[in-house]
Amino acid sequence: MRESRSIDASVFAEARSRGLDPVIARVVAGRITGDTSLDAILDPQLQHIAPPSLLADIDRAADRLQYAVVQNERIGVLTDYDADGLTSHAVITESLLRFGVSMQKVTHWIGHRLQDGYGISETLVDRLLESTPLPQLLISADCGSSDESQIARLKASGIDVIVTDHHQVSVHGPPPSAYAVVNPNRVDCHYPDKAIAGCMVSWLVMSHVRKGLIDQQAIATDTPKLGDLLDYVALGTVADCVSLGSSETNRAVVKAGLLLIRKQQRPCWQVAVSQLTKASRDINAELLAFQLAPRLNARGRIGHSLRGYEYLVAQSLAEATNAFLDLDADNKTRRMIEKEMIEKAKPLARRQHLHGGLVLCVVLENGHPGVQGIVASRLVETEGRPSIVLTPGNEPTMLTGSMRSVPGVDAKALLDAVNARLPGALSRYGGHTGACGLTVSKDALPGFSRQLQEIYRTTYPDIGPKPRFLIDGELLPEQLSVPWIEQMEALGPFGRGFDQPIFVGVFQVAAARPVGQEKTHLSLSLLVEGRQVRAIWFSALEPHQPAPVSSGDWIECIYSLSINTFRGQEVSLTVRHGELKQEGKIHA
């Protein structure tokens, strides 16, 4: 269930030598090793981002894009349907506008998860090739590195294809039919940060294009740089679960992007603040990852993602509000579907784990393909094992699925190894270290699963189940204060690779009250040396069931901390897990 987070002694010593509070120094030392610069964590700088020129193929890509801009060519923008893809779409199109491209010359191609599947898919290309007039140039983002067959079709139709992506490149190399492939994970690419998201690759490419257009005097020298588009990059980065620990680039762009979002200069951010929180200071990486990104992703899971793009680039508050409400409605539907699938998946995963399963592979015959990844993530949380959730594909003999991994286990490398041993078992797959999508035939599934277990056993013999909670220690009562939490929050952004701190402590319950539409959450007042601290325990009880604790009880909480701005500024605990330690009552 839980264990104390191990720390790097050298990082802890350096952090303390710089005057960091002992607990905060422990938080840092539990997330990075001495190989990572402490400055990159405490004060990440945009000026330290490696230049775009280090990306393989970027000059060829930029030259072709510059030609398209100057010659007023028709440009197609093709991106994935998740938040990384949608923010990439916004970065590219907003850049083209800045370079003087008319939006009448730009066409938008965003795949439908259920109809098209991932990436530059056959059905998406079918629709594109049936459109008139055809684009002369197509730029992809967050996809395309493994889509040679469809890129070849586009090339045969006279369309140059520039791939920008961050997913692992096929073992056969980048697609040869592409005009250019810009991906830091190419084996021949010397860009130092391999952990950047697709939206950041897009931003680097368009920044390089801007420089080239200025050099050839195609646009004015004072054409604004693209720094103001880092708000989109910040959202796409935290949504795509790339590392916020080992990558100073990701930390710097998220930190800069959050500052832009808090200024609320775009209608989409004004709506996000008004709908999701009470004040702009509450906008942080966790809110983007767990509140806004799921709403963008929800439309792609159950419908067409174009609405998410329309929300991001809305020009008025009314447009942004209407789009947000559509996304919010989709998200509510998604949550209902997700809840039902998780209830079915959990016992199947538990059974596999108890029988020695190292990688859990759950098939849900009536499952919705749009929420496979979310369900797989929940299984990783509860079982601590890499997990795959499969549902019926568009063809009766096929299953499509999503894989989510645990720290230290490369999901894409595992699938590469299985594919090498069982050629053809996976008809399609792609992704990166933490997450992958795949398609497998029903007949090949038993062999695929056996090989997956065997390869995991030999590749990762020392990695056991991930504990559900890694604890950063206990806090003193005086640390449950706004000033101390502000010190802790200054370590942000928090996310994958640099998790939000989690603490443990025993408190007496002063009051407990079920809240929420179905009364499944618990609002708590906890006693800390004579004062009360507010807490919320999400999903603490089943609908219409009595609260698991009551006034006077002593409860051990695994919790995270934040500042609640609803009534000014006060300490707020979010209980991740609670256990009754002793029943009791409050003495008058």
# chains A, B, ... in the order shown; residues from 1 in each chain; ligands from 1
>>> residues_around(residues="region 565-581 of chain A", least_positions_apart="6", cutoff="9 Å", atoms="only C-alpha atoms", output="PyMOL selection string")
chain A and resi 277-279+281-282+469+480-482+485+502+506+533-538+540+548-549+553-559
>>> residues_around(residues="Leu445 (chain A)", least_positions_apart="2", cutoff="12 Å", atoms="only C-alpha atoms", output="CSV table (one decimal) with all heavy atoms, in the first residue's frame")
chain,number,residue,atom,x,y,z
A,361,CYS,N,-3.0,-7.8,-18.1
A,361,CYS,CA,-3.6,-7.6,-19.5
A,361,CYS,C,-5.1,-8.0,-19.4
A,361,CYS,O,-5.4,-9.2,-19.3
A,361,CYS,CB,-2.9,-8.5,-20.5
A,361,CYS,SG,-3.3,-8.2,-22.2
A,362,VAL,N,-5.9,-7.0,-19.3
A,362,VAL,CA,-7.3,-7.2,-19.1
A,362,VAL,C,-8.1,-6.9,-20.3
A,362,VAL,O,-7.9,-5.9,-21.0
A,362,VAL,CB,-7.8,-6.2,-18.0
A,362,VAL,CG1,-9.3,-6.2,-17.8
A,362,VAL,CG2,-7.2,-6.6,-16.6
A,363,VAL,N,-9.0,-7.9,-20.7
A,363,VAL,CA,-9.9,-7.7,-21.8
A,363,VAL,C,-11.3,-7.5,-21.4
A,363,VAL,O,-11.8,-8.2,-20.6
A,363,VAL,CB,-9.9,-9.0,-22.7
A,363,VAL,CG1,-10.8,-8.8,-23.9
A,363,VAL,CG2,-8.5,-9.3,-23.2
A,388,ILE,N,-2.4,-3.3,-19.2
A,388,ILE,CA,-3.0,-3.1,-20.6
A,388,ILE,C,-4.5,-3.4,-20.5
A,388,ILE,O,-4.9,-4.4,-19.9
A,388,ILE,CB,-2.3,-4.1,-21.6
A,388,ILE,CG1,-0.8,-3.8,-21.7
A,388,ILE,CG2,-3.0,-4.0,-22.9
A,388,ILE,CD1,-0.1,-4.9,-22.6
A,390,LEU,N,-7.7,-3.9,-23.0
A,390,LEU,CA,-8.1,-4.2,-24.4
A,390,LEU,C,-9.6,-4.2,-24.5
A,390,LEU,O,-10.3,-4.8,-23.6
A,390,LEU,CB,-7.5,-5.5,-24.8
A,390,LEU,CG,-6.0,-5.6,-24.9
A,390,LEU,CD1,-5.5,-7.0,-24.9
A,390,LEU,CD2,-5.5,-4.8,-26.1
A,397,THR,N,-12.1,-9.6,-35.4
A,397,THR,CA,-11.0,-10.4,-35.0
A,397,THR,C,-10.0,-9.7,-34.2
A,397,THR,O,-9.0,-10.3,-33.7
A,397,THR,CB,-10.4,-11.1,-36.2
A,397,THR,OG1,-9.8,-10.1,-37.0
A,397,THR,CG2,-11.4,-12.0,-36.9
A,398,MET,N,-10.2,-8.4,-34.0
A,398,MET,CA,-9.1,-7.6,-33.4
A,398,MET,C,-9.5,-7.0,-32.1
A,398,MET,O,-10.7,-6.7,-31.8
A,398,MET,CB,-8.7,-6.4,-34.4
A,398,MET,CG,-8.3,-6.9,-35.8
A,398,MET,SD,-6.9,-8.1,-35.8
A,398,MET,CE,-5.6,-7.0,-35.4
A,399,LEU,N,-8.5,-6.7,-31.3
A,399,LEU,CA,-8.6,-6.0,-30.0
A,399,LEU,C,-7.7,-4.7,-30.1
A,399,LEU,O,-6.6,-4.8,-30.6
A,399,LEU,CB,-8.2,-6.8,-28.8
A,399,LEU,CG,-9.1,-8.1,-28.6
A,399,LEU,CD1,-8.4,-9.0,-27.6
A,399,LEU,CD2,-10.4,-7.7,-28.1
A,400,THR,N,-8.2,-3.6,-29.6
A,400,THR,CA,-7.4,-2.4,-29.5
A,400,THR,C,-7.2,-2.1,-28.0
A,400,THR,O,-8.1,-2.5,-27.2
A,400,THR,CB,-8.0,-1.2,-30.1
A,400,THR,OG1,-9.2,-0.8,-29.5
A,400,THR,CG2,-8.3,-1.5,-31.6
A,401,GLY,N,-6.1,-1.5,-27.6
A,401,GLY,CA,-5.9,-1.3,-26.2
A,401,GLY,C,-4.9,-0.2,-25.9
A,401,GLY,O,-4.3,0.4,-26.8
A,418,VAL,N,8.4,-7.8,-27.7
A,418,VAL,CA,7.4,-8.8,-28.0
A,418,VAL,C,7.2,-8.8,-29.6
A,418,VAL,O,7.1,-9.9,-30.1
A,418,VAL,CB,6.1,-8.4,-27.4
A,418,VAL,CG1,5.0,-9.4,-27.8
A,418,VAL,CG2,6.2,-8.5,-25.8
A,422,LEU,N,7.5,-12.1,-31.9
A,422,LEU,CA,6.2,-12.6,-32.5
A,422,LEU,C,5.8,-11.6,-33.6
A,422,LEU,O,4.9,-10.8,-33.5
A,422,LEU,CB,5.1,-12.7,-31.4
A,422,LEU,CG,5.2,-13.7,-30.4
A,422,LEU,CD1,4.0,-13.5,-29.4
A,422,LEU,CD2,5.2,-15.1,-30.9
A,424,GLY,N,4.1,-9.7,-36.4
A,424,GLY,CA,2.7,-9.8,-36.8
A,424,GLY,C,1.7,-9.9,-35.8
A,424,GLY,O,0.5,-9.7,-36.0
A,425,ALA,N,2.1,-10.3,-34.5
A,425,ALA,CA,1.1,-10.4,-33.5
A,425,ALA,C,0.4,-9.0,-33.2
A,425,ALA,O,-0.8,-8.9,-32.9
A,425,ALA,CB,1.7,-10.9,-32.2
A,426,LEU,N,1.3,-8.0,-33.2
A,426,LEU,CA,0.8,-6.6,-33.0
A,426,LEU,C,0.6,-6.0,-34.4
A,426,LEU,O,1.6,-5.8,-35.1
A,426,LEU,CB,1.7,-5.8,-32.2
A,426,LEU,CG,1.9,-6.1,-30.7
A,426,LEU,CD1,3.0,-5.4,-30.1
A,426,LEU,CD2,0.6,-5.8,-30.0
A,427,SER,N,-0.6,-5.8,-34.8
A,427,SER,CA,-0.8,-5.3,-36.2
A,427,SER,C,-0.4,-3.8,-36.2
A,427,SER,O,-0.1,-3.2,-37.2
A,427,SER,CB,-2.2,-5.4,-36.6
A,427,SER,OG,-3.1,-4.7,-35.8
A,438,LEU,N,-2.0,0.0,-28.8
A,438,LEU,CA,-1.7,-1.2,-29.5
A,438,LEU,C,-3.0,-1.8,-30.1
A,438,LEU,O,-4.1,-1.6,-29.6
A,438,LEU,CB,-1.0,-2.2,-28.7
A,438,LEU,CG,-1.7,-2.8,-27.4
A,438,LEU,CD1,-1.3,-4.2,-27.2
A,438,LEU,CD2,-1.5,-1.9,-26.2
A,439,THR,N,-2.8,-2.6,-31.2
A,439,THR,CA,-3.8,-3.4,-31.8
A,439,THR,C,-3.3,-4.8,-31.9
A,439,THR,O,-2.2,-5.0,-32.5
A,439,THR,CB,-4.3,-2.9,-33.1
A,439,THR,OG1,-4.7,-1.5,-33.0
A,439,THR,CG2,-5.4,-3.7,-33.7
A,440,VAL,N,-4.0,-5.8,-31.4
A,440,VAL,CA,-3.6,-7.2,-31.4
A,440,VAL,C,-4.8,-8.1,-31.8
A,440,VAL,O,-5.9,-7.8,-31.5
A,440,VAL,CB,-3.0,-7.6,-30.0
A,440,VAL,CG1,-4.1,-7.5,-29.0
A,440,VAL,CG2,-2.5,-9.1,-30.1
A,441,SER,N,-4.5,-9.1,-32.6
A,441,SER,CA,-5.6,-10.0,-33.0
A,441,SER,C,-6.0,-10.9,-31.8
A,441,SER,O,-5.1,-11.2,-30.9
A,441,SER,CB,-5.2,-10.9,-34.1
A,441,SER,OG,-4.2,-11.9,-33.8
A,442,LYS,N,-7.2,-11.3,-31.7
A,442,LYS,CA,-7.7,-12.2,-30.6
A,442,LYS,C,-6.9,-13.5,-30.6
A,442,LYS,O,-6.6,-14.0,-29.6
A,442,LYS,CB,-9.2,-12.4,-30.8
A,442,LYS,CG,-10.0,-11.2,-30.5
A,442,LYS,CD,-11.5,-11.5,-30.7
A,442,LYS,CE,-12.4,-10.2,-30.4
A,442,LYS,NZ,-13.8,-10.5,-30.6
A,443,ASP,N,-6.6,-14.0,-31.8
A,443,ASP,CA,-5.9,-15.3,-31.9
A,443,ASP,C,-4.5,-15.2,-31.3
A,443,ASP,O,-3.9,-16.1,-30.8
A,443,ASP,CB,-5.9,-15.8,-33.3
A,443,ASP,CG,-7.2,-16.3,-33.8
A,443,ASP,OD1,-8.1,-16.5,-33.0
A,443,ASP,OD2,-7.4,-16.3,-35.1
A,447,GLY,N,-0.4,-15.8,-27.0
A,447,GLY,CA,1.0,-15.8,-27.2
A,447,GLY,C,1.6,-14.5,-26.9
A,447,GLY,O,2.7,-14.4,-26.3
A,448,PHE,N,1.0,-13.4,-27.2
A,448,PHE,CA,1.4,-12.0,-26.9
A,448,PHE,C,1.6,-11.9,-25.4
A,448,PHE,O,2.6,-11.4,-24.9
A,448,PHE,CB,0.4,-11.0,-27.4
A,448,PHE,CG,0.6,-9.6,-26.9
A,448,PHE,CD1,1.6,-8.8,-27.3
A,448,PHE,CD2,-0.3,-9.2,-25.9
A,448,PHE,CE1,1.8,-7.5,-26.8
A,448,PHE,CE2,-0.1,-7.9,-25.4
A,448,PHE,CZ,0.9,-7.1,-25.8
A,449,SER,N,0.6,-12.3,-24.6
A,449,SER,CA,0.6,-12.2,-23.2
A,449,SER,C,1.7,-13.0,-22.6
A,449,SER,O,2.4,-12.5,-21.7
A,449,SER,CB,-0.8,-12.6,-22.6
A,449,SER,OG,-0.8,-12.4,-21.2
A,450,ARG,N,1.9,-14.2,-23.1
A,450,ARG,CA,3.0,-15.1,-22.5
A,450,ARG,C,4.4,-14.4,-22.8
A,450,ARG,O,5.2,-14.4,-21.9
A,450,ARG,CB,3.0,-16.5,-23.2
A,450,ARG,CG,1.9,-17.4,-22.6
A,450,ARG,CD,2.1,-18.8,-23.0
A,450,ARG,NE,2.1,-19.0,-24.5
A,450,ARG,CZ,1.0,-19.2,-25.2
A,450,ARG,NH1,-0.2,-19.3,-24.6
A,450,ARG,NH2,1.1,-19.3,-26.5
A,451,GLN,N,4.6,-14.0,-24.0
A,451,GLN,CA,5.9,-13.4,-24.3
A,451,GLN,C,6.1,-12.1,-23.5
A,451,GLN,O,7.2,-11.8,-23.0
A,451,GLN,CB,5.9,-13.0,-25.8
A,451,GLN,CG,6.1,-14.3,-26.7
A,451,GLN,CD,7.4,-15.0,-26.4
A,451,GLN,OE1,8.4,-14.4,-26.0
A,451,GLN,NE2,7.4,-16.3,-26.6
A,452,LEU,N,5.0,-11.3,-23.3
A,452,LEU,CA,5.1,-10.1,-22.5
A,452,LEU,C,5.6,-10.4,-21.1
A,452,LEU,O,6.5,-9.7,-20.6
A,452,LEU,CB,3.8,-9.4,-22.5
A,452,LEU,CG,3.7,-8.0,-22.0
A,452,LEU,CD1,4.5,-7.0,-22.8
A,452,LEU,CD2,2.2,-7.5,-21.9
>>> closest_residue(among="A:Leu415, A:Ala50, A:Leu358, A:Val181", to="Ala62 (chain A)", atoms="only C-alpha atoms")
A:Val181
>>> residues_around(residues="Ala220 (chain A)", least_positions_apart="4", cutoff="12 Å", atoms="only C-alpha atoms", output="PyMOL selection string")
chain A and resi 98-100+210-216+224-225
>>> closest_residue(among="A:Ile471, A:Ala289, A:Leu522, A:Ile342", to="Gln545 (chain A)", atoms="only C-alpha atoms")
A:Leu522
>>> closest_residue(among="A:Val171, A:Arg468, A:Ser53, A:Thr333", to="Ala417 (chain A)", atoms="only C-alpha atoms")
A:Val171
>>> closest_residue(among="A:Asn284, A:Gln265, A:Thr164, A:Thr221", to="Ser88 (chain A)", atoms="only C-alpha atoms")
A:Thr164
>>> closest_residue(among="A:Ala56, A:Val11, A:Leu46, A:Ala83", to="Ile24 (chain A)", atoms="only C-alpha atoms")
A:Val11
>>> closest_residue(among="A:Met206, A:Val313, A:Ala298, A:Val389", to="Asp330 (chain A)", atoms="only C-alpha atoms")
A:Ala298
>>> select_by_dssp(residues="region 86-316 of chain A", states="alpha helix (DSSP H)", output="PyMOL selection string")
chain A and resi 86-98+113-116+122-130+148-156+198-215+230-239+248-263+267-276+285-287+293-302+306-312
>>> closest_atom_pairs(of="region 426-515 of chain A", to="region 106-124 of chain A", cutoff="10 Å", atoms="only C-alpha atoms", output="tab-separated table")
residue	atom	partner	partner_atom	distance
A:Arg428	CA	A:Tyr118	CA	9.5
A:Tyr429	CA	A:Tyr118	CA	9.0
A:Gly430	CA	A:Tyr118	CA	8.7
A:Gly431	CA	A:Tyr118	CA	9.9
A:Gly437	CA	A:Tyr118	CA	7.8
A:Leu438	CA	A:Tyr118	CA	9.2
A:Thr439	CA	A:Gly117	CA	9.7
>>> residues_around(residues="Arg60 (chain A)", least_positions_apart="6", cutoff="12 Å", atoms="only C-alpha atoms", output="number ranges by chain")
A: 53, 66-67, 160-163, 178-182, 205, 208-209, 212
>>> select_by_dssp(residues="region 389-522 of chain A", states="strand (DSSP E)", output="VMD selection string")
chain A and resid 389 to 392 398 to 404 426 to 431 435 to 441 469 to 471 503 to 515 521 to 522
>>> residues_around(residues="Leu276 (chain A)", least_positions_apart="6", cutoff="12 Å", atoms="only C-alpha atoms", output="number ranges by chain")
A: 268-270, 282-284, 286-288, 290-293, 295, 324-325, 328
>>> write_last_selection(atoms="N, CA and C atoms", output="CSV table (one decimal), in the first residue's frame")
chain,number,residue,atom,x,y,z
A,268,CYS,N,-9.9,31.2,-23.5
A,268,CYS,CA,-9.9,29.8,-23.0
A,268,CYS,C,-9.5,29.8,-21.5
A,269,TRP,N,-8.4,30.6,-21.2
A,269,TRP,CA,-7.9,30.6,-19.8
A,269,TRP,C,-8.9,31.3,-18.9
A,270,GLN,N,-9.5,32.4,-19.3
A,270,GLN,CA,-10.5,33.1,-18.5
A,270,GLN,C,-11.6,32.1,-18.1
A,282,ASP,N,-4.7,29.6,-8.3
A,282,ASP,CA,-5.0,28.2,-8.1
A,282,ASP,C,-4.6,27.4,-9.4
A,283,ILE,N,-4.3,28.1,-10.5
A,283,ILE,CA,-3.9,27.4,-11.7
A,283,ILE,C,-2.5,26.9,-11.5
A,284,ASN,N,-2.4,25.6,-11.5
A,284,ASN,CA,-1.1,24.9,-11.4
A,284,ASN,C,-1.0,23.7,-12.3
A,286,GLU,N,-1.1,20.6,-11.6
A,286,GLU,CA,-2.1,19.5,-11.2
A,286,GLU,C,-3.4,19.8,-11.7
A,287,LEU,N,-3.8,21.1,-11.7
A,287,LEU,CA,-5.2,21.5,-12.2
A,287,LEU,C,-5.2,21.3,-13.7
A,288,LEU,N,-4.2,21.6,-14.4
A,288,LEU,CA,-4.1,21.4,-15.8
A,288,LEU,C,-4.2,19.9,-16.1
A,290,PHE,N,-5.3,17.3,-14.2
A,290,PHE,CA,-6.4,16.5,-13.7
A,290,PHE,C,-7.8,17.2,-13.8
A,291,GLN,N,-7.8,18.4,-14.3
A,291,GLN,CA,-9.1,19.1,-14.5
A,291,GLN,C,-9.3,19.5,-15.9
A,292,LEU,N,-8.4,20.3,-16.5
A,292,LEU,CA,-8.6,20.8,-17.8
A,292,LEU,C,-8.2,19.7,-18.9
A,293,ALA,N,-7.1,19.1,-18.8
A,293,ALA,CA,-6.7,18.1,-19.8
A,293,ALA,C,-7.8,17.0,-20.0
A,295,ARG,N,-10.9,17.2,-19.7
A,295,ARG,CA,-12.0,17.7,-20.5
A,295,ARG,C,-11.7,17.8,-22.0
A,324,PHE,N,-16.2,25.1,-23.9
A,324,PHE,CA,-15.9,24.4,-22.6
A,324,PHE,C,-17.1,23.6,-22.1
A,325,LEU,N,-18.3,24.2,-22.2
A,325,LEU,CA,-19.5,23.5,-21.7
A,325,LEU,C,-19.7,22.2,-22.4
A,328,ASP,N,-17.2,19.8,-21.1
A,328,ASP,CA,-17.5,19.4,-19.8
A,328,ASP,C,-18.6,18.3,-19.8
>>> closest_atom_pairs(of="region 55-74 of chain A", to="region 126-150 of chain A", cutoff="10 Å", atoms="only C-alpha atoms", output="Markdown table")
| residue | atom | partner | partner_atom | distance |
| --- | --- | --- | --- | --- |
| A:Ala61 | CA | A:Ile139 | CA | 9.2 |
| A:Arg64 | CA | A:Leu137 | CA | 8.4 |
| A:Leu65 | CA | A:Leu137 | CA | 8.0 |
| A:Ala68 | CA | A:Leu137 | CA | 7.3 |
| A:Glu73 | CA | A:Gln136 | CA | 6.3 |
| A:Arg74 | CA | A:Pro135 | CA | 4.7 |
>>> write_last_selection(atoms="all heavy atoms", output="short mmCIF file (atom, residue, chain, number, x, y, z; two decimals), in the first residue's frame")
data_model
loop_
_atom_site.label_atom_id
_atom_site.label_comp_id
_atom_site.auth_asym_id
_atom_site.auth_seq_id
_atom_site.Cartn_x
_atom_site.Cartn_y
_atom_site.Cartn_z
N ALA A 61 12.89 20.46 -42.72
CA ALA A 61 11.48 20.73 -42.41
C ALA A 61 11.18 22.23 -42.48
O ALA A 61 10.18 22.66 -43.06
CB ALA A 61 11.14 20.18 -41.03
N ARG A 64 11.11 23.66 -46.04
CA ARG A 64 9.89 23.32 -46.78
C ARG A 64 8.70 24.14 -46.28
O ARG A 64 7.86 24.60 -47.07
CB ARG A 64 9.59 21.82 -46.65
CG ARG A 64 8.36 21.35 -47.43
CD ARG A 64 8.55 21.52 -48.91
NE ARG A 64 7.34 21.18 -49.66
CZ ARG A 64 6.36 22.03 -49.94
NH1 ARG A 64 6.43 23.29 -49.48
NH2 ARG A 64 5.32 21.65 -50.65
N LEU A 65 8.62 24.35 -44.98
CA LEU A 65 7.54 25.16 -44.42
C LEU A 65 7.67 26.62 -44.86
O LEU A 65 6.68 27.29 -45.18
CB LEU A 65 7.54 25.04 -42.89
CG LEU A 65 6.77 23.87 -42.32
CD1 LEU A 65 7.18 23.61 -40.87
CD2 LEU A 65 5.26 24.12 -42.38
N ALA A 68 6.43 26.95 -48.30
CA ALA A 68 4.97 26.92 -48.34
C ALA A 68 4.37 28.26 -47.94
O ALA A 68 3.38 28.72 -48.52
CB ALA A 68 4.45 25.81 -47.43
N GLU A 73 1.12 28.32 -50.31
CA GLU A 73 0.62 26.97 -50.57
C GLU A 73 -0.48 26.60 -49.59
O GLU A 73 -0.63 27.19 -48.51
CB GLU A 73 1.77 25.95 -50.46
CG GLU A 73 2.74 25.99 -51.61
CD GLU A 73 3.74 24.85 -51.56
OE1 GLU A 73 4.02 24.34 -50.44
OE2 GLU A 73 4.24 24.46 -52.61
N ARG A 74 -1.22 25.57 -49.96
CA ARG A 74 -2.22 25.00 -49.06
C ARG A 74 -1.51 24.07 -48.07
O ARG A 74 -0.76 23.18 -48.48
CB ARG A 74 -3.29 24.24 -49.85
CG ARG A 74 -4.09 25.13 -50.80
CD ARG A 74 -5.16 24.35 -51.54
NE ARG A 74 -4.59 23.28 -52.36
CZ ARG A 74 -4.11 23.46 -53.59
NH1 ARG A 74 -4.11 24.66 -54.14
NH2 ARG A 74 -3.63 22.44 -54.28
#
>>> atom_distance(atom1="CA of Ser305 (chain A)", atom2="CA of Gly495 (chain A)")
24.2 Å
>>> residues_around(residues="Asp240 (chain A)", least_positions_apart="2", cutoff="10 Å", atoms="only C-alpha atoms", output="NGL selection string")
:A and (82-85 or 196-199 or 235-238 or 242-243 or 289 or 293 or 434-435 or 496)
>>> write_last_selection(atoms="N, CA and C atoms", output="PDB file, in the first residue's frame")
ATOM      1  N   ASP A  82      -5.550  13.884 -28.568  1.00  0.00           N
ATOM      2  CA  ASP A  82      -5.463  14.150 -27.130  1.00  0.00           C
ATOM      3  C   ASP A  82      -4.951  15.561 -26.881  1.00  0.00           C
ATOM      4  N   ALA A  83      -4.755  15.904 -25.609  1.00  0.00           N
ATOM      5  CA  ALA A  83      -4.381  17.278 -25.263  1.00  0.00           C
ATOM      6  C   ALA A  83      -3.044  17.679 -25.863  1.00  0.00           C
ATOM      7  N   ASP A  84      -2.094  16.755 -25.933  1.00  0.00           N
ATOM      8  CA  ASP A  84      -0.808  17.069 -26.547  1.00  0.00           C
ATOM      9  C   ASP A  84      -1.003  17.383 -28.024  1.00  0.00           C
ATOM     10  N   GLY A  85      -1.811  16.573 -28.705  1.00  0.00           N
ATOM     11  CA  GLY A  85      -2.075  16.830 -30.114  1.00  0.00           C
ATOM     12  C   GLY A  85      -2.822  18.128 -30.343  1.00  0.00           C
ATOM     13  N   ILE A 196      10.819  15.685 -24.090  1.00  0.00           N
ATOM     14  CA  ILE A 196       9.857  16.749 -24.402  1.00  0.00           C
ATOM     15  C   ILE A 196       8.607  16.176 -25.072  1.00  0.00           C
ATOM     16  N   ALA A 197       7.493  16.877 -24.901  1.00  0.00           N
ATOM     17  CA  ALA A 197       6.217  16.444 -25.464  1.00  0.00           C
ATOM     18  C   ALA A 197       6.110  16.858 -26.932  1.00  0.00           C
ATOM     19  N   GLY A 198       5.080  16.336 -27.602  1.00  0.00           N
ATOM     20  CA  GLY A 198       4.872  16.661 -29.002  1.00  0.00           C
ATOM     21  C   GLY A 198       4.664  18.141 -29.241  1.00  0.00           C
ATOM     22  N   CYS A 199       3.947  18.802 -28.327  1.00  0.00           N
ATOM     23  CA  CYS A 199       3.687  20.232 -28.482  1.00  0.00           C
ATOM     24  C   CYS A 199       4.969  21.045 -28.412  1.00  0.00           C
ATOM     25  N   LEU A 235       0.253  23.238 -21.108  1.00  0.00           N
ATOM     26  CA  LEU A 235      -0.902  22.345 -20.968  1.00  0.00           C
ATOM     27  C   LEU A 235      -0.627  20.994 -21.620  1.00  0.00           C
ATOM     28  N   GLY A 236      -0.122  21.002 -22.847  1.00  0.00           N
ATOM     29  CA  GLY A 236       0.149  19.741 -23.529  1.00  0.00           C
ATOM     30  C   GLY A 236       1.205  18.915 -22.833  1.00  0.00           C
ATOM     31  N   THR A 237       2.194  19.573 -22.243  1.00  0.00           N
ATOM     32  CA  THR A 237       3.288  18.856 -21.567  1.00  0.00           C
ATOM     33  C   THR A 237       2.802  18.134 -20.324  1.00  0.00           C
ATOM     34  N   VAL A 238       2.068  18.821 -19.456  1.00  0.00           N
ATOM     35  CA  VAL A 238       1.611  18.157 -18.230  1.00  0.00           C
ATOM     36  C   VAL A 238       0.548  17.113 -18.552  1.00  0.00           C
ATOM     37  N   VAL A 242       4.836  13.525 -19.587  1.00  0.00           N
ATOM     38  CA  VAL A 242       6.272  13.438 -19.772  1.00  0.00           C
ATOM     39  C   VAL A 242       6.950  13.902 -18.484  1.00  0.00           C
ATOM     40  N   SER A 243       8.237  13.647 -18.355  1.00  0.00           N
ATOM     41  CA  SER A 243       8.918  13.872 -17.083  1.00  0.00           C
ATOM     42  C   SER A 243       9.046  15.343 -16.733  1.00  0.00           C
ATOM     43  N   ALA A 289      -3.468  19.099 -15.397  1.00  0.00           N
ATOM     44  CA  ALA A 289      -3.398  17.666 -15.690  1.00  0.00           C
ATOM     45  C   ALA A 289      -4.667  16.923 -15.309  1.00  0.00           C
ATOM     46  N   ALA A 293      -7.102  19.084 -18.778  1.00  0.00           N
ATOM     47  CA  ALA A 293      -6.730  18.101 -19.799  1.00  0.00           C
ATOM     48  C   ALA A 293      -7.772  16.989 -19.955  1.00  0.00           C
ATOM     49  N   GLY A 434       6.106   5.742 -20.984  1.00  0.00           N
ATOM     50  CA  GLY A 434       5.058   5.566 -19.984  1.00  0.00           C
ATOM     51  C   GLY A 434       3.740   5.073 -20.504  1.00  0.00           C
ATOM     52  N   ALA A 435       3.483   5.228 -21.812  1.00  0.00           N
ATOM     53  CA  ALA A 435       2.157   4.900 -22.341  1.00  0.00           C
ATOM     54  C   ALA A 435       2.261   4.485 -23.804  1.00  0.00           C
ATOM     55  N   ARG A 496       4.456  13.927 -13.495  1.00  0.00           N
ATOM     56  CA  ARG A 496       5.185  12.677 -13.682  1.00  0.00           C
ATOM     57  C   ARG A 496       6.689  12.926 -13.563  1.00  0.00           C
TER      58      ARG A 496
END
>>> residues_around(residues="region 246-256 of chain A", least_positions_apart="3", cutoff="6 Å", atoms="only C-alpha atoms", output="NGL selection string")
:A and (40 or 44-46 or 49 or 234 or 259)
>>> atom_distance(atom1="CA of Gln487 (chain A)", atom2="CA of Gly227 (chain A)")
27.1 Å
